[in-house]
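With CSV, C-alpha atoms inside, this is target_19.csv:
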chain,number,residue,atom,x,y,z
A,1,MET,CA,-146.4,-30.1,-18.5
A,2,ALA,CA,-147.6,-30.0,-22.1
A,3,GLY,CA,-146.1,-26.5,-22.5
A,4,ARG,CA,-142.6,-27.8,-22.2
A,5,GLY,CA,-143.0,-30.3,-24.9
A,6,LYS,CA,-140.3,-30.2,-27.5
A,7,LEU,CA,-140.4,-31.3,-31.1
A,8,ILE,CA,-138.4,-33.7,-33.2
A,9,ALA,CA,-137.0,-32.2,-36.4
A,10,VAL,CA,-135.9,-34.1,-39.5
A,11,ILE,CA,-133.5,-33.3,-42.3
A,12,GLY,CA,-133.5,-36.0,-44.8
A,13,ASP,CA,-134.3,-37.2,-48.3
A,14,GLU,CA,-137.9,-37.4,-49.4
A,15,ASP,CA,-138.6,-40.9,-48.2
A,16,THR,CA,-137.1,-40.4,-44.8
A,17,VAL,CA,-139.1,-37.2,-44.2
A,18,THR,CA,-142.3,-38.7,-45.5
A,19,GLY,CA,-141.9,-41.7,-43.2
A,20,PHE,CA,-141.3,-39.7,-40.1
A,21,LEU,CA,-144.1,-37.2,-40.9
A,22,LEU,CA,-146.4,-40.2,-41.1
A,23,GLY,CA,-145.0,-41.2,-37.7
A,24,GLY,CA,-146.5,-37.9,-36.5
A,25,ILE,CA,-143.6,-35.6,-35.7
A,26,GLY,CA,-144.2,-32.9,-38.3
A,27,GLU,CA,-145.4,-29.4,-37.2
A,28,LEU,CA,-145.6,-25.9,-38.6
A,29,ASN,CA,-144.9,-23.3,-36.0
A,30,LYS,CA,-146.6,-20.0,-35.8
A,31,ASN,CA,-144.5,-18.5,-38.5
A,32,ARG,CA,-145.4,-21.4,-40.8
A,33,HIS,CA,-141.9,-22.7,-40.5
A,34,PRO,CA,-141.7,-26.4,-40.7
A,35,ASN,CA,-139.5,-28.5,-38.4
A,36,PHE,CA,-138.3,-30.6,-41.3
A,37,LEU,CA,-136.3,-30.2,-44.5
A,38,VAL,CA,-136.6,-32.4,-47.6
A,39,VAL,CA,-133.1,-32.6,-49.1
A,40,GLU,CA,-133.2,-33.3,-52.8
A,41,LYS,CA,-130.4,-33.6,-55.4
A,42,ASP,CA,-130.4,-29.9,-56.1
A,43,THR,CA,-130.5,-28.6,-52.5
A,44,THR,CA,-127.3,-26.6,-51.8
A,45,ILE,CA,-125.1,-27.3,-48.9
A,46,ASN,CA,-125.6,-23.7,-47.7
A,47,GLU,CA,-129.3,-24.2,-47.5
A,48,ILE,CA,-128.9,-27.4,-45.5
A,49,GLU,CA,-126.4,-25.7,-43.2
A,50,ASP,CA,-128.7,-22.7,-42.7
A,51,THR,CA,-131.7,-24.9,-41.9
A,52,PHE,CA,-129.6,-27.0,-39.6
A,53,ARG,CA,-128.3,-23.9,-37.7
A,54,GLN,CA,-131.9,-22.5,-37.5
A,55,LEU,CA,-133.2,-25.7,-36.1
A,56,LEU,CA,-130.5,-25.7,-33.5
A,57,ASN,CA,-131.3,-22.2,-32.4
A,58,ARG,CA,-135.0,-22.8,-32.0
A,59,ASP,CA,-135.7,-23.6,-28.5
A,60,ASP,CA,-138.8,-25.7,-29.1
A,61,ILE,CA,-136.8,-28.5,-30.8
A,62,GLY,CA,-135.3,-31.3,-28.6
A,63,ILE,CA,-134.0,-33.7,-31.2
A,64,VAL,CA,-132.7,-33.2,-34.8
A,65,LEU,CA,-132.6,-36.3,-37.0
A,66,ILE,CA,-130.4,-36.1,-40.0
A,67,ASN,CA,-129.5,-38.7,-42.7
A,68,GLN,CA,-125.9,-39.7,-42.4
A,69,TYR,CA,-125.0,-38.8,-45.9
A,70,ILE,CA,-126.3,-35.3,-45.4
A,71,ALA,CA,-124.5,-35.1,-42.1
A,72,GLU,CA,-121.3,-35.8,-44.0
A,73,MET,CA,-121.9,-32.7,-46.2
A,74,VAL,CA,-122.3,-30.4,-43.2
A,75,ARG,CA,-119.9,-32.3,-40.9
A,76,HIS,CA,-118.3,-29.1,-39.7
A,77,ALA,CA,-121.6,-27.6,-38.5
A,78,LEU,CA,-122.3,-30.8,-36.7
A,79,ASP,CA,-118.9,-30.9,-34.9
A,80,ALA,CA,-119.3,-27.3,-33.9
A,81,HIS,CA,-122.5,-28.1,-32.0
A,82,GLN,CA,-121.4,-28.8,-28.4
A,83,ARG,CA,-124.6,-28.3,-26.4
A,84,SER,CA,-126.4,-31.3,-25.2
A,85,ILE,CA,-129.9,-30.1,-26.3
A,86,PRO,CA,-130.9,-30.3,-29.1
A,87,ALA,CA,-129.5,-33.8,-29.5
A,88,VAL,CA,-128.3,-34.5,-33.1
A,89,LEU,CA,-128.9,-38.1,-34.2
A,90,GLU,CA,-127.5,-39.5,-37.5
A,91,ILE,CA,-129.8,-42.0,-39.1
A,92,PRO,CA,-129.2,-44.2,-42.2
A,93,SER,CA,-131.1,-43.7,-45.4
A,94,LYS,CA,-132.2,-46.5,-47.6
A,95,ASP,CA,-129.3,-45.9,-50.0
A,96,HIS,CA,-126.7,-45.4,-47.3
A,97,PRO,CA,-126.6,-47.9,-44.5
A,98,TYR,CA,-125.4,-46.8,-41.1
A,99,ASP,CA,-121.7,-46.4,-40.7
A,100,ALA,CA,-120.5,-46.1,-37.1
A,101,ALA,CA,-117.1,-44.7,-38.1
A,102,LYS,CA,-118.6,-41.5,-39.4
A,103,ASP,CA,-120.9,-40.7,-36.5
A,104,SER,CA,-119.6,-37.5,-34.8
A,105,ILE,CA,-120.7,-38.5,-31.4
A,106,LEU,CA,-119.0,-41.9,-31.5
A,107,ARG,CA,-115.8,-40.3,-32.8
A,108,ARG,CA,-115.5,-38.4,-29.6
A,109,ALA,CA,-115.4,-41.7,-27.8
A,110,LYS,CA,-112.7,-43.1,-30.0
A,111,GLY,CA,-110.2,-41.7,-27.7
A,112,MET,CA,-111.4,-43.7,-24.8
A,113,PHE,CA,-111.6,-47.1,-26.4
A,114,THR,CA,-112.5,-48.6,-29.7
A,115,ALA,CA,-116.2,-49.2,-30.3
A,116,GLU,CA,-115.4,-52.5,-31.9
A,117,ASP,CA,-114.3,-53.9,-28.6
A,118,LEU,CA,-117.7,-53.7,-27.2
A,119,ARG,CA,-119.5,-55.6,-29.9
B,1,MET,CA,-94.3,-20.9,-14.2
B,2,SER,CA,-95.1,-20.7,-10.5
B,3,GLY,CA,-94.0,-24.2,-9.8
B,4,LYS,CA,-91.9,-23.6,-6.8
B,5,ASP,CA,-94.2,-21.4,-4.8
B,6,ARG,CA,-95.3,-21.7,-1.3
B,7,ILE,CA,-98.0,-19.8,0.5
B,8,GLU,CA,-96.7,-16.5,2.1
B,9,ILE,CA,-97.4,-16.9,5.8
B,10,PHE,CA,-95.6,-15.9,8.9
B,11,PRO,CA,-94.0,-19.0,10.4
B,12,SER,CA,-95.4,-19.8,13.8
B,13,ARG,CA,-96.8,-22.8,15.6
B,14,MET,CA,-100.3,-21.7,14.9
B,15,ALA,CA,-99.5,-21.3,11.2
B,16,GLN,CA,-98.2,-24.8,11.2
B,17,THR,CA,-101.4,-26.2,12.7
B,18,ILE,CA,-103.4,-24.3,10.2
B,19,MET,CA,-101.3,-25.6,7.3
B,20,LYS,CA,-101.6,-29.2,8.5
B,21,ALA,CA,-105.4,-28.8,8.7
B,22,ARG,CA,-105.4,-27.4,5.1
B,23,LEU,CA,-103.3,-30.3,3.9
B,24,LYS,CA,-105.7,-32.8,5.4
B,25,GLY,CA,-108.7,-30.9,3.8
B,26,ALA,CA,-107.0,-30.9,0.4
B,27,GLN,CA,-106.3,-34.6,0.5
B,28,THR,CA,-109.8,-35.5,1.5
B,29,GLY,CA,-111.2,-33.3,-1.2
B,30,ARG,CA,-109.0,-34.9,-3.8
B,31,ASN,CA,-110.1,-38.4,-2.7
B,32,LEU,CA,-113.7,-37.5,-2.9
B,33,LEU,CA,-113.3,-36.0,-6.4
B,34,LYS,CA,-111.4,-39.1,-7.5
B,35,LYS,CA,-114.3,-41.2,-6.4
B,36,LYS,CA,-116.8,-39.0,-8.2
B,37,SER,CA,-114.7,-39.2,-11.3
B,38,ASP,CA,-114.6,-43.0,-11.1
B,39,ALA,CA,-118.4,-43.2,-10.7
B,40,LEU,CA,-119.0,-40.9,-13.6
B,41,THR,CA,-116.5,-42.9,-15.8
B,42,LEU,CA,-118.2,-46.1,-14.9
B,43,ARG,CA,-121.6,-44.7,-15.9
B,44,PHE,CA,-120.1,-43.2,-19.1
B,45,ARG,CA,-118.8,-46.6,-20.2
B,46,GLN,CA,-122.2,-48.2,-19.6
B,47,ILE,CA,-123.9,-45.6,-21.6
B,48,LEU,CA,-121.5,-45.9,-24.5
B,49,LYS,CA,-122.1,-49.6,-24.6
B,50,LYS,CA,-125.8,-49.1,-24.7
B,51,ILE,CA,-125.5,-46.4,-27.4
B,52,ILE,CA,-123.7,-48.8,-29.7
B,53,GLU,CA,-126.2,-51.5,-29.1
B,54,THR,CA,-129.1,-49.1,-29.7
B,55,LYS,CA,-127.5,-47.7,-32.8
B,56,MET,CA,-127.2,-51.1,-34.4
B,57,LEU,CA,-130.8,-51.8,-33.5
B,58,MET,CA,-131.8,-48.5,-35.0
B,59,GLY,CA,-130.1,-49.3,-38.2
B,60,GLU,CA,-132.3,-52.4,-38.5
B,61,VAL,CA,-135.5,-50.7,-37.5
B,62,MET,CA,-134.9,-47.9,-40.0
B,63,ARG,CA,-134.3,-50.5,-42.7
B,64,GLU,CA,-137.5,-52.2,-42.0
B,65,ALA,CA,-139.4,-48.9,-41.9
B,66,ALA,CA,-137.9,-47.8,-45.2
B,67,PHE,CA,-138.9,-51.2,-46.7
B,68,SER,CA,-142.5,-50.8,-45.6
B,69,LEU,CA,-142.5,-47.3,-47.1
B,70,ALA,CA,-141.4,-48.7,-50.4
B,71,GLU,CA,-144.2,-51.3,-50.2
B,72,ALA,CA,-146.8,-48.6,-49.4
B,73,LYS,CA,-145.6,-46.4,-52.3
B,74,PHE,CA,-145.9,-49.4,-54.6
B,75,THR,CA,-149.5,-49.9,-53.6
B,76,ALA,CA,-150.8,-46.4,-53.0
B,77,GLY,CA,-148.7,-44.4,-55.4
B,78,ASP,CA,-146.5,-41.5,-54.5
B,79,PHE,CA,-148.2,-39.8,-51.5
B,80,SER,CA,-145.0,-38.0,-50.3
B,81,THR,CA,-146.2,-34.6,-51.5
B,82,THR,CA,-149.6,-35.0,-49.9
B,83,VAL,CA,-148.0,-35.9,-46.6
B,84,ILE,CA,-145.6,-33.0,-46.7
B,85,GLN,CA,-148.3,-30.5,-47.6
B,86,ASN,CA,-150.6,-31.6,-44.9
B,87,VAL,CA,-148.4,-31.1,-42.0
B,88,ASN,CA,-150.2,-29.3,-39.2
B,89,LYS,CA,-149.5,-30.2,-35.6
B,90,ALA,CA,-147.2,-32.8,-34.2
B,91,GLN,CA,-148.7,-35.8,-32.4
B,92,VAL,CA,-145.5,-37.0,-30.9
B,93,LYS,CA,-143.5,-34.6,-28.8
B,94,ILE,CA,-140.8,-35.0,-26.2
B,95,ARG,CA,-140.2,-33.8,-22.7
B,96,ALA,CA,-136.8,-33.2,-21.1
B,97,LYS,CA,-136.6,-34.7,-17.6
B,98,LYS,CA,-133.6,-34.4,-15.3
B,99,ASP,CA,-131.8,-37.5,-14.0
B,100,ASN,CA,-129.1,-37.4,-11.4
B,101,VAL,CA,-125.9,-39.5,-11.4
B,102,ALA,CA,-123.2,-38.9,-8.8
B,103,GLY,CA,-124.2,-35.3,-8.5
B,104,VAL,CA,-124.4,-34.6,-12.3
B,105,THR,CA,-127.8,-33.8,-13.7
B,106,LEU,CA,-128.4,-35.5,-17.0
B,107,PRO,CA,-131.2,-34.6,-19.4
B,108,VAL,CA,-133.4,-37.5,-20.4
B,109,PHE,CA,-136.0,-37.4,-23.1
B,110,GLU,CA,-139.5,-38.9,-22.7
B,111,HIS,CA,-141.9,-39.0,-25.6
B,112,TYR,CA,-145.6,-38.5,-25.3
B,113,HIS,CA,-148.5,-38.4,-27.6
B,114,GLU,CA,-150.8,-35.4,-28.0
B,115,GLY,CA,-153.8,-35.1,-30.1
B,116,THR,CA,-155.1,-37.4,-32.8
B,117,ASP,CA,-153.5,-38.6,-35.9
B,118,SER,CA,-153.8,-35.7,-38.3
B,119,TYR,CA,-153.5,-37.9,-41.3
B,120,GLU,CA,-156.8,-39.5,-40.8
B,121,LEU,CA,-158.4,-37.2,-43.3
B,122,THR,CA,-155.8,-37.2,-46.0
B,123,GLY,CA,-157.8,-39.8,-47.8
B,124,LEU,CA,-155.0,-42.2,-48.5
B,125,ALA,CA,-157.6,-44.9,-48.9
B,126,ARG,CA,-155.8,-47.3,-51.3
B,127,GLY,CA,-153.4,-49.6,-49.5
B,128,GLY,CA,-154.8,-48.6,-46.2
B,129,GLU,CA,-153.3,-51.5,-44.3
B,130,GLN,CA,-149.9,-50.9,-45.8
B,131,LEU,CA,-150.1,-47.3,-44.6
B,132,ALA,CA,-151.2,-48.3,-41.2
B,133,LYS,CA,-148.2,-50.7,-41.0
B,134,LEU,CA,-146.0,-48.0,-42.2
B,135,LYS,CA,-147.1,-45.6,-39.6
B,136,ARG,CA,-146.6,-48.1,-36.9
B,137,ASN,CA,-143.1,-48.9,-38.1
B,138,TYR,CA,-142.1,-45.3,-38.1
B,139,ALA,CA,-143.7,-44.7,-34.8
B,140,LYS,CA,-141.6,-47.5,-33.4
B,141,ALA,CA,-138.5,-46.0,-35.0
B,142,VAL,CA,-139.3,-42.6,-33.4
B,143,GLU,CA,-139.6,-44.2,-30.0
B,144,LEU,CA,-136.2,-45.9,-30.4
B,145,LEU,CA,-134.7,-42.7,-31.7
B,146,VAL,CA,-135.9,-40.7,-28.7
B,147,GLU,CA,-134.3,-43.3,-26.4
B,148,LEU,CA,-131.1,-43.0,-28.4
B,149,ALA,CA,-131.2,-39.2,-28.2
B,150,SER,CA,-131.5,-39.4,-24.4
B,151,LEU,CA,-128.4,-41.7,-24.3
B,152,GLN,CA,-126.5,-39.4,-26.5
B,153,THR,CA,-127.2,-36.2,-24.5
B,154,SER,CA,-126.2,-38.1,-21.3
B,155,PHE,CA,-123.1,-39.2,-23.1
B,156,VAL,CA,-122.1,-35.6,-24.1
B,157,THR,CA,-123.0,-34.2,-20.6
B,158,LEU,CA,-121.1,-36.9,-18.8
B,159,ASP,CA,-118.1,-36.3,-21.1
B,160,GLU,CA,-117.9,-32.7,-20.0
B,161,ALA,CA,-118.5,-33.5,-16.4
B,162,ILE,CA,-115.7,-36.1,-16.3
B,163,LYS,CA,-113.3,-33.7,-18.0
B,164,ILE,CA,-114.0,-31.0,-15.4
B,165,THR,CA,-113.7,-33.3,-12.5
B,166,ASN,CA,-110.4,-34.8,-13.7
B,167,ARG,CA,-109.1,-31.3,-14.2
B,168,ARG,CA,-109.9,-30.5,-10.6
B,169,VAL,CA,-108.4,-33.7,-9.3
B,170,ASN,CA,-105.1,-33.0,-11.2
B,171,ALA,CA,-105.1,-29.4,-10.0
B,172,ILE,CA,-105.4,-30.4,-6.4
B,173,GLU,CA,-102.9,-33.2,-6.7
B,174,HIS,CA,-100.2,-31.4,-8.7
B,175,VAL,CA,-100.5,-27.8,-7.6
B,176,ILE,CA,-102.4,-27.3,-4.3
B,177,ILE,CA,-101.0,-30.2,-2.2
B,178,PRO,CA,-97.3,-29.7,-3.2
B,179,ARG,CA,-97.7,-26.0,-2.4
B,180,ILE,CA,-99.1,-26.7,1.0
B,181,GLU,CA,-96.4,-29.3,1.7
B,182,ARG,CA,-93.7,-26.8,0.7
B,183,THR,CA,-95.2,-24.2,3.0
B,184,LEU,CA,-95.3,-26.7,5.9
B,185,ALA,CA,-91.6,-27.7,5.3
B,186,TYR,CA,-90.7,-24.0,5.2
B,187,ILE,CA,-92.5,-23.3,8.5
B,188,ILE,CA,-90.9,-26.3,10.2
B,189,THR,CA,-87.4,-25.3,9.1
B,190,GLU,CA,-88.0,-21.7,10.2
B,191,LEU,CA,-89.3,-22.8,13.6
B,192,ASP,CA,-86.3,-25.1,14.1
B,193,GLU,CA,-83.9,-22.5,13.1
B,194,ARG,CA,-85.5,-20.0,15.5
B,195,GLU,CA,-85.2,-22.6,18.3
B,196,ARG,CA,-81.6,-23.1,17.6
B,197,GLU,CA,-81.1,-19.4,17.5
B,198,GLU,CA,-82.8,-19.0,20.9
B,199,PHE,CA,-80.7,-21.8,22.3
B,200,TYR,CA,-77.5,-20.3,21.0
B,201,ARG,CA,-78.4,-16.9,22.3
B,202,LEU,CA,-79.2,-18.3,25.8
B,203,LYS,CA,-75.9,-20.2,25.9
B,204,LYS,CA,-74.0,-17.0,24.9
B,205,ILE,CA,-75.8,-15.0,27.6
B,206,GLN,CA,-75.0,-17.6,30.2
B,207,GLU,CA,-71.4,-17.5,29.2
B,208,LYS,CA,-71.3,-13.8,29.4
B,209,LYS,CA,-72.9,-13.7,32.7
B,210,LYS,CA,-70.5,-16.3,34.1
B,211,ILE,CA,-67.5,-14.2,32.9
B,212,LEU,CA,-69.0,-11.1,34.4
B,213,LYS,CA,-69.6,-12.8,37.7
B,214,GLU,CA,-66.1,-14.2,37.9
B,215,LYS,CA,-64.6,-10.8,37.1
B,216,SER,CA,-66.6,-9.0,39.8
B,217,GLU,CA,-65.7,-11.6,42.4
B,218,LYS,CA,-62.0,-11.3,41.5
B,219,ASP,CA,-62.4,-7.5,41.9
B,220,LEU,CA,-64.0,-7.8,45.3
B,221,LYS,CA,-61.3,-10.1,46.6
B,222,GLN,CA,-58.7,-7.7,45.5
B,223,ARG,CA,-60.3,-4.8,47.2
B,224,MET,CA,-60.9,-6.7,50.4
B,225,ALA,CA,-57.3,-7.7,50.5
B,226,ALA,CA,-56.2,-4.0,50.0
B,227,GLY,CA,-58.4,-3.1,53.0
B,228,GLU,CA,-60.7,-0.6,51.2
B,229,VAL,CA,-63.9,-2.5,51.8
B,230,MET,CA,-65.0,-4.0,55.1
B,231,GLU,CA,-67.3,-6.9,55.3
B,232,PRO,CA,-70.8,-5.7,55.9
B,233,ALA,CA,-72.1,-6.2,59.4
B,234,ASN,CA,-73.6,-9.5,60.1
B,235,LEU,CA,-77.0,-8.9,61.7
B,236,LEU,CA,-77.3,-12.5,62.9
B,237,ALA,CA,-74.1,-12.5,64.9
B,238,GLU,CA,-74.8,-11.5,68.4
B,239,GLU,CA,-72.3,-8.7,69.0
B,240,LYS,CA,-72.7,-5.7,71.2
B,241,ASP,CA,-74.2,-2.8,69.4
B,242,GLU,CA,-72.6,0.6,70.4
B,243,ASP,CA,-75.6,2.7,69.4
B,244,LEU,CA,-77.9,1.2,71.9
B,245,LEU,CA,-78.1,3.5,75.0
B,246,PHE,CA,-80.1,1.4,77.4
B,247,GLU,CA,-79.4,-2.3,77.7
Take the structure in the file and give it back as structure tokens.
Amino acid sequence: MAGRGKLIAVIGDEDTVTGFLLGGIGELNKNRHPNFLVVEKDTTINEIEDTFRQLLNRDDIGIVLINQYIAEMVRHALDAHQRSIPAVLEIPSKDHPYDAAKDSILRRAKGMFTAEDLR
Amino acid sequence: MSGKDRIEIFPSRMAQTIMKARLKGAQTGRNLLKKKSDALTLRFRQILKKIIETKMLMGEVMREAAFSLAEAKFTAGDFSTTVIQNVNKAQVKIRAKKDNVAGVTLPVFEHYHEGTDSYELTGLARGGEQLAKLKRNYAKAVELLVELASLQTSFVTLDEAIKITNRRVNAIEHVIIPRIERTLAYIITELDEREREEFYRLKKIQEKKKILKEKSEKDLKQRMAAGEVMEPANLLAEEKDEDLLFE
């Protein structure tokens, strides 16, 4: 059912967003709101947090991709998100490689057993 | 708290049978829930392992994609603003399907393509092949990320389900079953005591009756000896009856 299709949103630095837009996930909805946010050096944390919350509240978004260093800045907003949809995925940027210790989803599992044991 | 409660019920044999049935039911329920919790935990661990693997893989794929982006920028110049301005409709969307594991519905994402590539007309002619490679890389990254998102939502949903099931198992094991057992014990003790009371009462009555009988017999003997009471006529003895006129 094409009507139920959900979008993938991106919050990231310019390169990340460009890349994913070229991958074909970008869309402007009927209010001309984009499903992505380019975070630059002068973007305030409030702006990021607001956009993040708005994206979560939109019901046509299934996944939110966010660079890990940006996720660090709005960590509290991420941890407050308990629903399973939209799924929030932390992706590395080219300056900050992926660090499993900071991922909020994996931290929930730390209580069960350490991730390192599985590698 | 109410740790020493039992169910308020009138102790009778039927109540005992009912309580026994309830205890059996509670124990069966607890075993079933435990099995469900075990199945869910097993699946949970599998998913966690897969998530970690996929995240590592994703780190690599992203690195490669970022690399090809840098290459393309080098060849074609900075096209970021062009790309960002020309956003129109998404070609890659995702659908949420439901998967069922041991009675828990998990959401699973499936990606599908819709429409044509809207960047065909942006005229990024220079470095065309770099761009094509770049688009392919990022498309591959998107697919992987969709899979990762499915795993993650299953993970979160399963976590919740496991917590709820374990809570129920503990509630049955530490509250419901002890309560029923206490009620059963109470009923049994009450019934026993009642039986003992009955027995005691019966014995007392028998004693009383015996004493009364002895007393009345003694009385009768005394009166017969004093001559006040005759023995009643014996119908079976064949003696002449004075009242009969014609023989």
Query - chain A contacts on chain B, all atoms listed in the file, 6 Å, as number ranges by chain - result: B: 80, 87-95, 135, 138-139, 149, 153
Query raised in the report: Using only C-alpha atoms, which of B:Lys20, B:Lys163, B:Lys213, B:Lys221 sits nearest Asp38 of chain B?
Result: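 Counting only C-alpha atoms, the residue closest to Asp38 of chain B is B:Lys163.
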Query raised in the report: Suppose you want the space between atom CA of Ala141 of chain B and atom CA of Asp59 of chain A; what is it in Å?
Result: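 About the pair atom CA of Ala141 of chain B and atom CA of Asp59 of chain A: they are 23.5 Å apart.
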Report task. Figure out the distance between atom CA of Val74 of chain A and atom CA of Ile45 of chain A, please, to one decimal in Å. Result -> 7.1 Å
**Report entry** Proximity to Ala21 of chain B - best of B:Leu184, B:Val83, B:Ala96, B:Leu202, all atoms listed in the file
**Finding:**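 When distances to Ala21 of chain B are compared using all atoms listed in the file, the smallest one comes from B:Leu184.
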Requested in this report: May I ask for the distance between atom CA of Ile188 of chain B and atom CA of Arg30 of chain B, given in Å to one decimal place?
Outcome: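 The value is 24.4 Å.
Closest approach to Asp42 of chain A among A:Asp13, A:Lys102, A:Lys30, A:Leu55 is made by A:Asp13 (distances from all atoms listed in the file).
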Query raised in the report: Using only C-alpha atoms, which of the listed residues (B:Ala237, B:Leu212, B:Val169, B:Ala185) sits closest to Gln27 of chain B?
Result: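 For Gln27 of chain B, the nearest of the given residues is B:Val169.
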